[in-house]
Every structure is written in C-alpha cells, then in structure tokens.
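Asks: One structure coming up, written as structure tokens, with questions to follow.
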Amino acid sequence: QVQLVESGGGLVQAGGSLRLSCAASGGTFRSRGMGWFRQAPGKEREFVAAISWGGTTTYYADSVKGRFTISRDNAKNTVYLQMNSLKPEDTADYYCAAHNGDYYSRTYYYTNSERYGYWGQGTQVTVSS
C-alpha cells in the first residue's frame, strides 16, 4: 500500500512560482509512474503532468507545457512539480498519484487517471490576479 502526502501549495500572485512535493511511503516507489492532477471548483479533475518510473520520460498537459516541470528523486521517494509563470486559471486542488502497478510504459497510462491506484489528499494552489 502506497501512501502519498503532498505539500507546497499556497497563495501566490499571477506570474509567481510554487514547488509542490509529494512524499511516498510504503510500496515500491521507484518502479511506479507518478502523476499530478488538479481539480478546480466546479470542474472535473484533469491531468497536469506525469513522470515515468525511471524519470526519463515526462508528460504534460498542453495548458502547463513550458511552465511546469515534473521531477522525481527515487532516493527520497519524492516527486516534485515546479510551477512557474502561474496564472489565475491554475487555481485548483493539486493531487499526487501513483500507478497501481509497476513499470508501465504506455503514454495513455500516464495521462489518464485509470491506472493510478493511489492518491494523496491534495494541496490547494490559489493564484491571484
């Protein structure tokens, strides 16, 4: 069983930056793909970014490409989301998620939520204009 705890959310002005962290415990972190999703008030949860189990491949939603960077430190069982040039439309609860199996390679498994079996409780990000 994998437990995920996010941190780093907060209130920031448009154009600012935040770095989210997701600490994992239990299970095998280094063999699982990891992703970040977000859900804004009144909207469905959407994919933000993901990183392969080895850290060599990353995936981004078009809306954040060039502004957000996902990374992972397998020695620390932690995945990060560096968010730059934040916009008010980035305001949402951000969730970290881990794959429910090992060594997935298909892009679909990274950009869609169905293969993520473990979720954190979320951290709130608010971007003021």
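Ordered as shown in the structure tokens, chains take letters A, B, and onward, while each chain numbers its residues from 1 and ligands are numbered from 1 in the order shown.
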May I have the residues within 12 Å of Arg106 (chain A) as a CSV table (one decimal) with N, CA and C atoms, in the first residue's frame, using only C-alpha atoms and disregarding those fewer than 6 positions away in the same chain?
Replies:
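File written: part_21.csv
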```
chain,number,residue,atom,x,y,z
A,33,GLY,N,5.1,4.8,-12.1
A,33,GLY,CA,4.9,6.1,-12.7
A,33,GLY,C,4.2,6.9,-11.7
A,50,ALA,N,3.1,14.1,-15.6
A,50,ALA,CA,3.5,12.7,-15.1
A,50,ALA,C,4.9,12.5,-15.5
A,51,ILE,N,5.4,11.5,-14.8
A,51,ILE,CA,6.8,11.1,-15.0
A,51,ILE,C,7.0,9.6,-14.9
A,52,SER,N,7.7,9.1,-15.8
A,52,SER,CA,7.9,7.6,-15.8
A,52,SER,C,8.6,7.1,-14.6
A,53,TRP,N,8.5,5.8,-14.4
A,53,TRP,CA,9.1,5.2,-13.2
A,53,TRP,C,10.6,5.5,-13.1
A,57,THR,N,11.1,9.9,-18.8
A,57,THR,CA,10.1,10.4,-19.7
A,57,THR,C,9.1,11.2,-18.9
A,58,THR,N,8.7,12.4,-19.4
A,58,THR,CA,7.8,13.3,-18.8
A,58,THR,C,6.6,13.6,-19.7
A,59,TYR,N,5.5,13.9,-19.2
A,59,TYR,CA,4.3,14.2,-19.9
A,59,TYR,C,3.6,15.4,-19.3
A,99,HIS,N,1.0,5.0,-9.8
A,99,HIS,CA,0.4,3.9,-10.6
A,99,HIS,C,0.1,2.8,-9.7
A,112,ASN,N,-3.9,9.5,-18.2
A,112,ASN,CA,-5.3,9.2,-17.8
A,112,ASN,C,-5.3,8.6,-16.4
A,115,ARG,N,-5.1,4.3,-14.4
A,115,ARG,CA,-4.1,3.4,-13.9
A,115,ARG,C,-3.4,3.9,-12.7
```
Asks: Skip Tyr116 (chain A) itself and residues of its chain fewer than 2 positions away, then list as a list in words all residues within 9 Å of it, counting only C-alpha atoms.
Replies: Gly33, Met34, Gly35, Ala97, Ala98, His99, Asn100, Gly101, Tyr109, Tyr110, Asn112, Ser113, Glu114, Tyr118 and Trp119 of chain A
Asks: Among region 8-103 of chain A, which residues does DSSP mark as strand (DSSP E) when it is run on the backbone? Keep the chain and numbering as in the structure and answer as a PyMOL selection string.
Replies: chain A and resi 10-13+18-25+34-39+46-51+58-60+68-73+78-83+92-99
Asks: May I ask which of the residues A:Val2, A:Gly8, A:Arg30, A:Ala49 is the closest one to Asn74 (chain A), counting only C-alpha atoms?
Replies: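 Ranked by minimum distance to Asn74 (chain A), first place goes to A:Arg30.
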Asks: Between A:Arg19, A:Arg67, A:Arg32, A:Arg38, which residue has the minimum interatomic distance to Tyr94 (chain A), considering only C-alpha atoms?
Replies: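 Ranked by minimum distance to Tyr94 (chain A), first place goes to A:Arg38.
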Asks: Find the distance between CA of Ser85 (chain A) and CA of Gly54 (chain A) and write it in Å to one decimal.
Replies: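 Taking CA of Ser85 (chain A) as the start and CA of Gly54 (chain A) as the end point, the length is 27.3 Å.
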Asks: When you count only C-alpha atoms, which of these residues is closest to Gly42 (chain A): A:Thr107, A:Gln1, A:Thr28, A:Thr91?
Replies: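 Counting only C-alpha atoms, the residue closest to Gly42 (chain A) is A:Thr91.
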Asks: Tell me, in Å to one decimal, how far CA of Ser17 (chain A) is from CA of Ser129 (chain A).
Replies: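 Calculated distance between CA of Ser17 (chain A) and CA of Ser129 (chain A) is 13.5 Å.
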Asks: Identify, on the basis of only C-alpha atoms, every residue whose closest approach to Gln3 (chain A) does not exceed 9 Å; exclude the query and any residue fewer than 3 positions from it along the same chain; express the result as a VMD selection string.
Replies: chain A and resid 23 to 27 118 to 120
Asks: With N, CA and C atoms retained, export the selected residues as an mmCIF file, in the first residue's frame.
Replies:
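Result file is out_12.cif:
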```cif
data_model
loop_
_atom_site.group_PDB
_atom_site.id
_atom_site.type_symbol
_atom_site.label_atom_id
_atom_site.label_comp_id
_atom_site.auth_asym_id
_atom_site.auth_seq_id
_atom_site.Cartn_x
_atom_site.Cartn_y
_atom_site.Cartn_z
ATOM 1 N N ALA A 23 5.521 13.196 -1.071
ATOM 2 C CA ALA A 23 6.336 12.178 -0.413
ATOM 3 C C ALA A 23 5.576 10.867 -0.366
ATOM 4 N N ALA A 24 6.225 9.810 -0.810
ATOM 5 C CA ALA A 24 5.604 8.494 -0.850
ATOM 6 C C ALA A 24 6.198 7.587 0.221
ATOM 7 N N SER A 25 5.352 6.748 0.771
ATOM 8 C CA SER A 25 5.808 5.736 1.728
ATOM 9 C C SER A 25 5.036 4.451 1.487
ATOM 10 N N GLY A 26 5.665 3.337 1.860
ATOM 11 C CA GLY A 26 5.028 2.049 1.602
ATOM 12 C C GLY A 26 5.100 1.689 0.132
ATOM 13 N N GLY A 27 5.127 0.444 -0.194
ATOM 14 C CA GLY A 27 5.156 0.026 -1.591
ATOM 15 C C GLY A 27 6.492 0.308 -2.248
ATOM 16 N N TYR A 118 -3.286 5.044 -6.347
ATOM 17 C CA TYR A 118 -3.016 5.657 -5.054
ATOM 18 C C TYR A 118 -3.017 7.172 -5.234
ATOM 19 N N TRP A 119 -3.688 7.844 -4.320
ATOM 20 C CA TRP A 119 -3.849 9.284 -4.418
ATOM 21 C C TRP A 119 -3.559 9.947 -3.085
ATOM 22 N N GLY A 120 -2.961 11.131 -3.151
ATOM 23 C CA GLY A 120 -2.788 11.919 -1.956
ATOM 24 C C GLY A 120 -4.063 12.686 -1.630
#
```
Asks: Once DSSP has gone over the backbone, tell me which residues of chain A are in alpha helix (DSSP H), as JSON, numbers by chain.
Replies: {"A": [107, 108, 109, 110, 111]}
